[in-house]
$ cat my_file-v5.pdb   # PDB, C-alpha atoms, pLDDT in the B column
ATOM      1  CA  MET A   1       0.000   0.000   0.000  1.00 63.00           C
ATOM      2  CA  ASP A   2       3.042   2.297   0.371  1.00 58.00           C
ATOM      3  CA  ASN A   3       3.137   2.911  -3.383  1.00 73.00           C
ATOM      4  CA  PHE A   4      -0.473   4.116  -3.323  1.00 80.00           C
ATOM      5  CA  PHE A   5       0.288   6.836  -0.784  1.00 78.00           C
ATOM      6  CA  GLU A   6       3.545   7.765  -2.496  1.00 74.00           C
ATOM      7  CA  HIS A   7       1.634   8.641  -5.674  1.00 75.00           C
ATOM      8  CA  ASN A   8      -1.375  10.184  -3.934  1.00 77.00           C
ATOM      9  CA  ALA A   9      -1.685  13.960  -4.308  1.00 74.00           C
ATOM     10  CA  LEU A  10      -2.143  14.446  -0.563  1.00 77.00           C
ATOM     11  CA  PHE A  11       0.857  12.459   0.634  1.00 78.00           C
ATOM     12  CA  SER A  12       3.334  12.425  -2.259  1.00 71.00           C
ATOM     13  CA  GLY A  13       5.696  14.838  -0.471  1.00 71.00           C
ATOM     14  CA  LEU A  14       6.146  12.687   2.635  1.00 74.00           C
ATOM     15  CA  GLY A  15       9.227  10.639   3.507  1.00 77.00           C
ATOM     16  CA  CYS A  16       9.428   6.853   3.597  1.00 80.00           C
ATOM     17  CA  ASP A  17       8.977   6.595   7.378  1.00 77.00           C
ATOM     18  CA  GLU A  18       5.853   8.752   7.301  1.00 76.00           C
ATOM     19  CA  LEU A  19       4.410   6.870   4.335  1.00 79.00           C
ATOM     20  CA  GLN A  20       4.896   3.612   6.195  1.00 80.00           C
ATOM     21  CA  LEU A  21       3.178   5.112   9.240  1.00 77.00           C
ATOM     22  CA  ILE A  22       0.185   6.062   7.109  1.00 80.00           C
ATOM     23  CA  ALA A  23       0.099   2.614   5.514  1.00 82.00           C
ATOM     24  CA  ARG A  24       0.062   0.957   8.936  1.00 82.00           C
ATOM     25  CA  SER A  25      -2.763   3.235  10.076  1.00 82.00           C
ATOM     26  CA  ALA A  26      -4.923   2.740   6.975  1.00 89.00           C
ATOM     27  CA  GLN A  27      -7.257  -0.058   5.963  1.00 91.00           C
ATOM     28  CA  LYS A  28      -7.993  -1.249   2.459  1.00 92.00           C
ATOM     29  CA  LYS A  29     -11.633  -2.181   1.862  1.00 95.00           C
ATOM     30  CA  VAL A  30     -13.443  -3.650  -1.132  1.00 97.00           C
ATOM     31  CA  TYR A  31     -17.010  -2.629  -1.967  1.00 97.00           C
ATOM     32  CA  PRO A  32     -19.393  -4.089  -4.587  1.00 98.00           C
ATOM     33  CA  LYS A  33     -21.161  -1.934  -7.149  1.00 96.00           C
ATOM     34  CA  ASN A  34     -24.060   0.223  -5.872  1.00 95.00           C
ATOM     35  CA  THR A  35     -22.877   0.103  -2.249  1.00 97.00           C
ATOM     36  CA  ILE A  36     -23.521   3.149  -0.059  1.00 95.00           C
ATOM     37  CA  ILE A  37     -20.229   4.159   1.584  1.00 95.00           C
ATOM     38  CA  LEU A  38     -21.534   7.255   3.352  1.00 92.00           C
ATOM     39  CA  SER A  39     -24.992   8.694   3.860  1.00 91.00           C
ATOM     40  CA  GLU A  40     -25.850  12.363   4.268  1.00 88.00           C
ATOM     41  CA  GLY A  41     -25.919  13.168   7.986  1.00 85.00           C
ATOM     42  CA  ASP A  42     -23.582  10.343   9.050  1.00 85.00           C
ATOM     43  CA  THR A  43     -21.204  11.200  11.895  1.00 79.00           C
ATOM     44  CA  THR A  44     -18.327   8.987  10.730  1.00 79.00           C
ATOM     45  CA  ASP A  45     -15.056  10.886  10.443  1.00 81.00           C
ATOM     46  CA  SER A  46     -12.600   8.870   8.332  1.00 88.00           C
ATOM     47  CA  LEU A  47     -10.826   9.994   5.168  1.00 90.00           C
ATOM     48  CA  TYR A  48     -11.513   7.805   2.109  1.00 93.00           C
ATOM     49  CA  MET A  49      -9.228   7.446  -0.917  1.00 92.00           C
ATOM     50  CA  VAL A  50     -10.123   5.636  -4.138  1.00 94.00           C
ATOM     51  CA  CYS A  51      -7.661   2.931  -5.205  1.00 93.00           C
ATOM     52  CA  SER A  52      -9.758   1.512  -8.032  1.00 95.00           C
ATOM     53  CA  GLY A  53     -13.262   1.931  -9.364  1.00 96.00           C
ATOM     54  CA  LYS A  54     -15.457   5.028  -9.181  1.00 96.00           C
ATOM     55  CA  VAL A  55     -17.897   6.518  -6.705  1.00 97.00           C
ATOM     56  CA  LYS A  56     -20.578   9.161  -7.085  1.00 96.00           C
ATOM     57  CA  VAL A  57     -21.146  11.945  -4.588  1.00 94.00           C
ATOM     58  CA  SER A  58     -24.752  13.103  -4.464  1.00 93.00           C
ATOM     59  CA  ILE A  59     -27.448  14.759  -2.392  1.00 90.00           C
ATOM     60  CA  ILE A  60     -31.195  14.155  -2.302  1.00 86.00           C
ATOM     61  CA  ASP A  61     -33.446  17.201  -2.422  1.00 81.00           C
ATOM     62  CA  GLU A  62     -36.648  17.627  -0.440  1.00 79.00           C
ATOM     63  CA  TYR A  63     -38.647  15.980  -3.225  1.00 79.00           C
ATOM     64  CA  GLY A  64     -36.478  12.843  -3.269  1.00 82.00           C
ATOM     65  CA  LYS A  65     -34.658  13.821  -6.465  1.00 86.00           C
ATOM     66  CA  GLU A  66     -30.970  12.912  -6.676  1.00 89.00           C
ATOM     67  CA  ILE A  67     -28.435  15.560  -7.662  1.00 89.00           C
ATOM     68  CA  ILE A  68     -24.971  14.195  -8.545  1.00 92.00           C
ATOM     69  CA  LEU A  69     -22.254  16.556  -7.341  1.00 90.00           C
ATOM     70  CA  ALA A  70     -19.205  14.632  -8.548  1.00 90.00           C
ATOM     71  CA  ILE A  71     -17.865  11.323  -9.806  1.00 93.00           C
ATOM     72  CA  LEU A  72     -14.517  10.397  -8.234  1.00 93.00           C
ATOM     73  CA  GLY A  73     -12.006   7.870  -9.530  1.00 93.00           C
ATOM     74  CA  PRO A  74      -8.591   6.424  -8.619  1.00 92.00           C
ATOM     75  CA  GLY A  75      -6.324   8.827  -6.732  1.00 88.00           C
ATOM     76  CA  GLU A  76      -9.178  11.046  -5.582  1.00 90.00           C
ATOM     77  CA  TYR A  77     -10.481  11.288  -2.049  1.00 89.00           C
ATOM     78  CA  PHE A  78     -13.543  12.293  -0.032  1.00 91.00           C
ATOM     79  CA  GLY A  79     -14.506  12.799   3.592  1.00 87.00           C
ATOM     80  CA  GLU A  80     -11.675  15.228   4.325  1.00 84.00           C
ATOM     81  CA  MET A  81     -13.963  17.872   5.846  1.00 81.00           C
ATOM     82  CA  THR A  82     -15.264  15.690   8.674  1.00 82.00           C
ATOM     83  CA  ALA A  83     -11.775  14.248   9.159  1.00 79.00           C
ATOM     84  CA  MET A  84     -10.532  17.774   9.867  1.00 77.00           C
ATOM     85  CA  ALA A  85     -13.478  19.225  11.801  1.00 74.00           C
ATOM     86  CA  ASP A  86     -14.924  18.265  15.170  1.00 75.00           C
ATOM     87  CA  GLY A  87     -18.602  17.355  15.372  1.00 69.00           C
ATOM     88  CA  ALA A  88     -19.243  17.677  11.624  1.00 71.00           C
ATOM     89  CA  SER A  89     -21.600  15.321   9.835  1.00 77.00           C
ATOM     90  CA  ARG A  90     -21.443  14.085   6.253  1.00 81.00           C
ATOM     91  CA  SER A  91     -22.917  16.582   3.816  1.00 82.00           C
ATOM     92  CA  ALA A  92     -23.555  14.142   0.964  1.00 89.00           C
ATOM     93  CA  CYS A  93     -24.111  10.513   0.072  1.00 93.00           C
ATOM     94  CA  VAL A  94     -21.300   8.515  -1.541  1.00 95.00           C
ATOM     95  CA  MET A  95     -22.117   5.336  -3.493  1.00 96.00           C
ATOM     96  CA  THR A  96     -19.987   3.058  -5.642  1.00 97.00           C
ATOM     97  CA  ARG A  97     -20.712   3.116  -9.390  1.00 95.00           C
ATOM     98  CA  GLU A  98     -18.704  -0.067  -9.941  1.00 95.00           C
ATOM     99  CA  PRO A  99     -16.710  -2.466  -7.743  1.00 97.00           C
ATOM    100  CA  CYS A 100     -14.290  -0.318  -5.748  1.00 97.00           C
ATOM    101  CA  GLU A 101     -11.218  -0.663  -3.615  1.00 96.00           C
ATOM    102  CA  LEU A 102     -10.883   2.152  -1.089  1.00 96.00           C
ATOM    103  CA  VAL A 103      -8.256   3.067   1.464  1.00 93.00           C
ATOM    104  CA  VAL A 104      -9.739   4.303   4.750  1.00 93.00           C
ATOM    105  CA  LEU A 105      -7.666   6.448   7.106  1.00 89.00           C
ATOM    106  CA  GLN A 106      -9.049   7.077  10.578  1.00 86.00           C
ATOM    107  CA  LYS A 107      -9.425  10.658  11.812  1.00 85.00           C
ATOM    108  CA  GLU A 108      -6.857  10.368  14.606  1.00 85.00           C
ATOM    109  CA  ALA A 109      -4.144   9.043  12.297  1.00 83.00           C
ATOM    110  CA  PHE A 110      -4.940  11.639   9.631  1.00 83.00           C
ATOM    111  CA  ARG A 111      -4.781  14.520  12.111  1.00 84.00           C
ATOM    112  CA  LYS A 112      -1.450  13.291  13.472  1.00 82.00           C
ATOM    113  CA  ILE A 113      -0.024  13.206   9.954  1.00 81.00           C
ATOM    114  CA  VAL A 114      -1.359  16.706   9.177  1.00 81.00           C
ATOM    115  CA  LYS A 115       0.054  18.070  12.450  1.00 82.00           C
ATOM    116  CA  ASN A 116       3.517  16.825  11.536  1.00 80.00           C
ATOM    117  CA  ASN A 117       3.177  17.861   7.870  1.00 78.00           C
ATOM    118  CA  PRO A 118       1.193  21.127   7.709  1.00 81.00           C
ATOM    119  CA  ASP A 119       1.794  21.491   3.955  1.00 77.00           C
ATOM    120  CA  ILE A 120      -0.928  18.871   3.511  1.00 79.00           C
ATOM    121  CA  VAL A 121      -3.404  21.545   4.618  1.00 79.00           C
ATOM    122  CA  PHE A 122      -2.535  23.635   1.548  1.00 82.00           C
ATOM    123  CA  THR A 123      -3.219  20.649  -0.716  1.00 79.00           C
ATOM    124  CA  LEU A 124      -6.565  20.135   1.011  1.00 78.00           C
ATOM    125  CA  LEU A 125      -7.365  23.842   0.713  1.00 82.00           C
ATOM    126  CA  HIS A 126      -6.492  23.876  -2.982  1.00 82.00           C
ATOM    127  CA  LYS A 127      -8.757  20.893  -3.658  1.00 80.00           C
ATOM    128  CA  SER A 128     -11.552  22.403  -1.572  1.00 81.00           C
ATOM    129  CA  MET A 129     -11.317  25.617  -3.605  1.00 86.00           C
ATOM    130  CA  GLU A 130     -11.522  23.614  -6.840  1.00 85.00           C
ATOM    131  CA  ARG A 131     -14.632  21.851  -5.600  1.00 81.00           C
ATOM    132  CA  LEU A 132     -16.154  25.155  -4.467  1.00 81.00           C
ATOM    133  CA  ARG A 133     -15.555  26.629  -7.936  1.00 86.00           C
ATOM    134  CA  GLU A 134     -17.243  23.611  -9.501  1.00 82.00           C
ATOM    135  CA  ALA A 135     -20.185  24.014  -7.137  1.00 80.00           C
ATOM    136  CA  ASN A 136     -20.458  27.689  -8.087  1.00 82.00           C
ATOM    137  CA  LYS A 137     -20.425  26.777 -11.786  1.00 80.00           C
ATOM    138  CA  LYS A 138     -23.189  24.245 -11.179  1.00 77.00           C
ATOM    139  CA  ILE A 139     -25.292  26.841  -9.361  1.00 79.00           C
ATOM    140  CA  GLU A 140     -24.671  29.327 -12.169  1.00 79.00           C
ATOM    141  CA  SER A 141     -25.703  26.735 -14.771  1.00 77.00           C
ATOM    142  CA  LEU A 142     -28.920  25.939 -12.936  1.00 74.00           C
ATOM    143  CA  ALA A 143     -29.760  29.627 -12.627  1.00 72.00           C
ATOM    144  CA  LEU A 144     -28.745  30.972 -16.028  1.00 70.00           C
ATOM    145  CA  LEU A 145     -28.592  28.169 -18.611  1.00 85.00           C
ATOM    146  CA  ASP A 146     -31.284  26.038 -20.209  1.00 90.00           C
ATOM    147  CA  VAL A 147     -30.858  22.260 -20.356  1.00 92.00           C
ATOM    148  CA  TYR A 148     -28.846  22.459 -23.592  1.00 91.00           C
ATOM    149  CA  GLY A 149     -26.432  24.853 -21.940  1.00 92.00           C
ATOM    150  CA  ARG A 150     -26.126  22.736 -18.812  1.00 93.00           C
ATOM    151  CA  VAL A 151     -25.423  19.597 -20.827  1.00 95.00           C
ATOM    152  CA  ALA A 152     -22.905  21.443 -23.002  1.00 93.00           C
ATOM    153  CA  ARG A 153     -21.064  22.808 -19.968  1.00 92.00           C
ATOM    154  CA  LEU A 154     -21.099  19.401 -18.257  1.00 94.00           C
ATOM    155  CA  PHE A 155     -19.717  17.624 -21.320  1.00 95.00           C
ATOM    156  CA  THR A 156     -17.059  20.277 -21.831  1.00 92.00           C
ATOM    157  CA  ASN A 157     -15.926  19.912 -18.207  1.00 90.00           C
ATOM    158  CA  LEU A 158     -15.858  16.101 -18.304  1.00 93.00           C
ATOM    159  CA  ALA A 159     -14.253  15.593 -21.722  1.00 94.00           C
ATOM    160  CA  LYS A 160     -10.592  14.646 -22.060  1.00 92.00           C
ATOM    161  CA  SER A 161      -8.433  14.956 -25.148  1.00 90.00           C
ATOM    162  CA  HIS A 162      -7.676  11.805 -27.116  1.00 86.00           C
ATOM    163  CA  GLY A 163      -5.682  12.944 -30.107  1.00 81.00           C
ATOM    164  CA  ASN A 164      -7.902  15.238 -32.147  1.00 79.00           C
ATOM    165  CA  VAL A 165     -11.144  14.353 -30.360  1.00 83.00           C
ATOM    166  CA  GLN A 166     -12.671  14.946 -26.935  1.00 93.00           C
ATOM    167  CA  ILE A 167     -14.035  11.894 -25.138  1.00 96.00           C
ATOM    168  CA  ILE A 168     -16.046  11.566 -21.935  1.00 95.00           C
ATOM    169  CA  GLU A 169     -14.513   8.494 -20.334  1.00 89.00           C
ATOM    170  CA  ASP A 170     -17.238   7.994 -17.707  1.00 89.00           C
ATOM    171  CA  LYS A 171     -20.017   5.812 -19.085  1.00 90.00           C
ATOM    172  CA  LEU A 172     -22.961   7.983 -18.140  1.00 94.00           C
ATOM    173  CA  THR A 173     -26.586   6.947 -18.409  1.00 94.00           C
ATOM    174  CA  HIS A 174     -29.244   9.462 -19.399  1.00 95.00           C
ATOM    175  CA  GLN A 175     -30.369   9.446 -15.764  1.00 95.00           C
ATOM    176  CA  ASP A 176     -26.818  10.173 -14.587  1.00 95.00           C
ATOM    177  CA  ILE A 177     -26.650  13.196 -16.873  1.00 96.00           C
ATOM    178  CA  ALA A 178     -30.090  14.365 -15.777  1.00 95.00           C
ATOM    179  CA  SER A 179     -29.035  14.126 -12.119  1.00 94.00           C
ATOM    180  CA  MET A 180     -25.896  16.136 -12.856  1.00 93.00           C
ATOM    181  CA  VAL A 181     -27.641  18.980 -14.696  1.00 93.00           C
ATOM    182  CA  GLY A 182     -30.852  19.165 -12.679  1.00 90.00           C
ATOM    183  CA  SER A 183     -33.257  18.046 -15.383  1.00 92.00           C
ATOM    184  CA  SER A 184     -35.498  15.125 -16.269  1.00 93.00           C
ATOM    185  CA  ARG A 185     -34.241  11.991 -18.016  1.00 94.00           C
ATOM    186  CA  GLU A 186     -36.739  12.584 -20.803  1.00 96.00           C
ATOM    187  CA  MET A 187     -35.425  16.087 -21.509  1.00 95.00           C
ATOM    188  CA  VAL A 188     -31.811  14.893 -21.447  1.00 96.00           C
ATOM    189  CA  SER A 189     -32.679  12.079 -23.878  1.00 96.00           C
ATOM    190  CA  ARG A 190     -34.154  14.667 -26.229  1.00 95.00           C
ATOM    191  CA  VAL A 191     -31.076  16.896 -25.969  1.00 95.00           C
ATOM    192  CA  LEU A 192     -28.706  13.989 -26.636  1.00 95.00           C
ATOM    193  CA  LYS A 193     -30.777  12.856 -29.613  1.00 95.00           C
ATOM    194  CA  GLU A 194     -30.622  16.334 -31.143  1.00 94.00           C
ATOM    195  CA  LEU A 195     -26.900  16.693 -30.436  1.00 94.00           C
ATOM    196  CA  SER A 196     -26.304  13.308 -32.083  1.00 95.00           C
ATOM    197  CA  SER A 197     -28.442  14.049 -35.120  1.00 94.00           C
ATOM    198  CA  GLY A 198     -26.698  17.418 -35.474  1.00 93.00           C
ATOM    199  CA  GLY A 199     -23.300  15.705 -35.515  1.00 94.00           C
ATOM    200  CA  TYR A 200     -22.090  17.425 -32.360  1.00 94.00           C
ATOM    201  CA  ILE A 201     -21.608  14.158 -30.454  1.00 95.00           C
ATOM    202  CA  THR A 202     -21.300  10.454 -31.162  1.00 95.00           C
ATOM    203  CA  VAL A 203     -22.459   7.940 -28.554  1.00 93.00           C
ATOM    204  CA  THR A 204     -21.124   4.381 -28.690  1.00 91.00           C
ATOM    205  CA  ASN A 205     -21.749   1.979 -25.792  1.00 88.00           C
ATOM    206  CA  LYS A 206     -22.364   4.956 -23.469  1.00 87.00           C
ATOM    207  CA  THR A 207     -19.022   6.510 -24.462  1.00 92.00           C
ATOM    208  CA  ILE A 208     -19.601  10.073 -25.655  1.00 96.00           C
ATOM    209  CA  THR A 209     -17.278  11.587 -28.250  1.00 96.00           C
ATOM    210  CA  ILE A 210     -17.523  15.350 -28.798  1.00 95.00           C
ATOM    211  CA  ASN A 211     -17.063  16.182 -32.456  1.00 91.00           C
ATOM    212  CA  GLY A 212     -17.141  19.957 -32.271  1.00 86.00           C
ATOM    213  CA  LYS A 213     -18.135  22.979 -30.205  1.00 88.00           C
ATOM    214  CA  LEU A 214     -21.390  22.237 -28.428  1.00 90.00           C
ATOM    215  CA  PRO A 215     -24.357  24.626 -28.646  1.00 86.00           C
ATOM    216  CA  TYR A 216     -25.382  26.235 -25.358  1.00 79.00           C
ATOM    217  CA  SER A 217     -28.930  26.711 -26.658  1.00 75.00           C
ATOM    218  CA  TRP A 218     -31.099  25.292 -29.425  1.00 68.00           C
TER     219      TRP A 218
END

$ encode --input "my_file-v5.pdb" --output "structure tokens"
Amino acid sequence: MDNFFEHNALFSGLGCDELQLIARSAQKKVYPKNTIILSEGDTTDSLYMVCSGKVKVSIIDEYGKEIILAILGPGEYFGEMTAMADGASRSACVMTREPCELVVLQKEAFRKIVKNNPDIVFTLLHKSMERLREANKKIESLALLDVYGRVARLFTNLAKSHGNVQIIEDKLTHQDIASMVGSSREMVSRVLKELSSGGYITVTNKTITINGKLPYSW
């Protein structure tokens, strides 16, 4: 497990002795697909890091509708806020999207490591600011953009370059996309159909390839 921490963004700057200390303090756990790791309101306080697989972070609104805040993959982490704060509860639900292997670091061990290596706080702060910016963009999209615009912004943010094309590596269902842009599955299906027929995207086995600049309205 030492190699995992050595290449993790949070702990990559630590020495061998400290990495071994973290490895001894951590537990590796395996979870099947569609397993709830954390529920909103939980009082657990461990830090979770993704070794393999992917998890979704979501909240449920007052009407029972799911809103997906993020999809996290290998090397990413969650639960850092409650691991740092006293008396804080989980602010979102985290569920596996596929079989996952996670590393769990207890609060006491994590705090000891941070105390001895305060630079970790700056890494945490940087990541928290990134997530806050993403949350602000999502709020802006919900307030100012129609569904076409929200889908276009989502796809643009998720796409990664593969040669001359942009590909969304996450295999998203229509419901996933709807939960990420705050719309209905039916409306998202309509948007995707029109984007496909217009040649803007190509969808093959749930893999979305972006062929050109996406329209933010129709």

$ resolve_selection --input "my_file-v5.pdb" --expression "the PyMOL selection byres ((chain A and resi 147-159) around 6)" --output "ChimeraX atom specification"
/A:141,145-146,160,166-168,181,214,216-217

$ closest_atom_pairs --input "my_file-v5.pdb" --of "segment 86-145 of chain A" --to "segment 18-34 of chain A" --cutoff "9 Å" --atoms "only C-alpha atoms" --output "Markdown table"
| residue | atom | partner | partner_atom | distance |
| --- | --- | --- | --- | --- |
| A:Met95 | CA | A:Asn34 | CA | 6.0 |
| A:Thr96 | CA | A:Asn34 | CA | 5.0 |
| A:Arg97 | CA | A:Lys33 | CA | 5.5 |
| A:Glu98 | CA | A:Lys33 | CA | 4.2 |
| A:Pro99 | CA | A:Pro32 | CA | 4.4 |
| A:Cys100 | CA | A:Tyr31 | CA | 5.2 |
| A:Glu101 | CA | A:Val30 | CA | 4.5 |
| A:Leu102 | CA | A:Lys29 | CA | 5.3 |
| A:Val103 | CA | A:Lys28 | CA | 4.4 |
| A:Val104 | CA | A:Gln27 | CA | 5.2 |
| A:Leu105 | CA | A:Ala26 | CA | 4.6 |
| A:Gln106 | CA | A:Ala26 | CA | 7.0 |
| A:Ala109 | CA | A:Ser25 | CA | 6.4 |
| A:Phe110 | CA | A:Ile22 | CA | 8.0 |
| A:Ile113 | CA | A:Ile22 | CA | 7.7 |

$ residues_around --input "my_file-v5.pdb" --residues "Ala70 of chain A" --least-positions-apart "6" --cutoff "8 Å" --atoms "all atoms listed in the file" --output "short mmCIF file (atom, residue, chain, number, x, y, z; two decimals) with C-alpha atoms, keeping the file's coordinate frame"
data_model
loop_
_atom_site.label_atom_id
_atom_site.label_comp_id
_atom_site.auth_asym_id
_atom_site.auth_seq_id
_atom_site.Cartn_x
_atom_site.Cartn_y
_atom_site.Cartn_z
CA LYS A 56 -20.58 9.16 -7.08
CA VAL A 57 -21.15 11.94 -4.59
CA SER A 58 -24.75 13.10 -4.46
#

$ resolve_selection --input "my_file-v5.pdb" --expression "the PyMOL selection byres ((chain A and resi 205) around 12)" --output "list in words"
Ile168, Glu169, Asp170, Lys171, Leu172, Thr173, Thr202, Val203, Thr204, Lys206, Thr207, Ile208 and Thr209 of chain A

$ residues_around --input "my_file-v5.pdb" --residues "His126 of chain A" --least-positions-apart "6" --cutoff "12 Å" --atoms "only C-alpha atoms" --output "VMD selection string"
chain A and resid 9 to 10 119 to 120 132 to 133

$ resolve_selection --input "my_file-v5.pdb" --expression "the PyMOL selection byres ((chain A and resi 40) around 8)" --output "list in words"
Leu38, Ser39, Gly41, Asp42, Ile59, Ser89, Arg90, Ser91, Ala92 and Cys93 of chain A

$ closest_residue --input "my_file-v5.pdb" --among "A:Met84, A:Gly182, A:Tyr63, A:Ser46" --to "Lys138 of chain A" --atoms "all atoms listed in the file"
A:Gly182

$ atom_distance --input "my_file-v5.pdb" --atom1 "atom CA of Ala83 of chain A" --atom2 "atom CA of Asn136 of chain A"
23.5 Å

$ build_atoms --input "my_file-v5.pdb" --residues "segment 112-124 of chain A" --atoms "N, CA, C and O atoms" --output "compact mmCIF listing (two decimals), in the frame of the given file"
# COMPACT_ATOMS: atom_id res chain seq x y z
N LYS A 112 -2.84 13.38 13.03
CA LYS A 112 -1.45 13.29 13.47
C LYS A 112 -0.51 13.56 12.30
O LYS A 112 0.49 14.28 12.44
N ILE A 113 -0.85 13.01 11.15
CA ILE A 113 -0.02 13.21 9.95
C ILE A 113 -0.04 14.68 9.54
O ILE A 113 0.99 15.26 9.21
N VAL A 114 -1.23 15.30 9.56
CA VAL A 114 -1.36 16.71 9.18
C VAL A 114 -0.59 17.60 10.16
O VAL A 114 0.07 18.57 9.74
N LYS A 115 -0.65 17.27 11.44
CA LYS A 115 0.05 18.07 12.45
C LYS A 115 1.55 18.07 12.18
O LYS A 115 2.22 19.10 12.34
N ASN A 116 2.08 16.94 11.78
CA ASN A 116 3.52 16.82 11.54
C ASN A 116 3.91 17.30 10.13
O ASN A 116 5.11 17.50 9.85
N ASN A 117 2.91 17.45 9.25
CA ASN A 117 3.18 17.86 7.87
C ASN A 117 2.13 18.89 7.45
O ASN A 117 1.22 18.59 6.67
N PRO A 118 2.24 20.11 7.95
CA PRO A 118 1.19 21.13 7.71
C PRO A 118 1.00 21.49 6.24
O PRO A 118 -0.05 22.04 5.89
N ASP A 119 1.97 21.18 5.38
CA ASP A 119 1.79 21.49 3.96
C ASP A 119 0.61 20.74 3.36
O ASP A 119 0.04 21.16 2.34
N ILE A 120 0.23 19.63 3.99
CA ILE A 120 -0.93 18.87 3.51
C ILE A 120 -2.18 19.74 3.53
O ILE A 120 -3.07 19.61 2.69
N VAL A 121 -2.24 20.66 4.50
CA VAL A 121 -3.40 21.54 4.62
C VAL A 121 -3.56 22.39 3.35
O VAL A 121 -4.68 22.63 2.88
N PHE A 122 -2.46 22.82 2.76
CA PHE A 122 -2.54 23.64 1.55
C PHE A 122 -3.07 22.81 0.37
O PHE A 122 -3.82 23.32 -0.46
N THR A 123 -2.68 21.53 0.32
CA THR A 123 -3.22 20.65 -0.72
C THR A 123 -4.72 20.47 -0.53
O THR A 123 -5.49 20.53 -1.49
N LEU A 124 -5.14 20.26 0.71
CA LEU A 124 -6.56 20.14 1.01
C LEU A 124 -7.31 21.42 0.65
O LEU A 124 -8.40 21.37 0.07
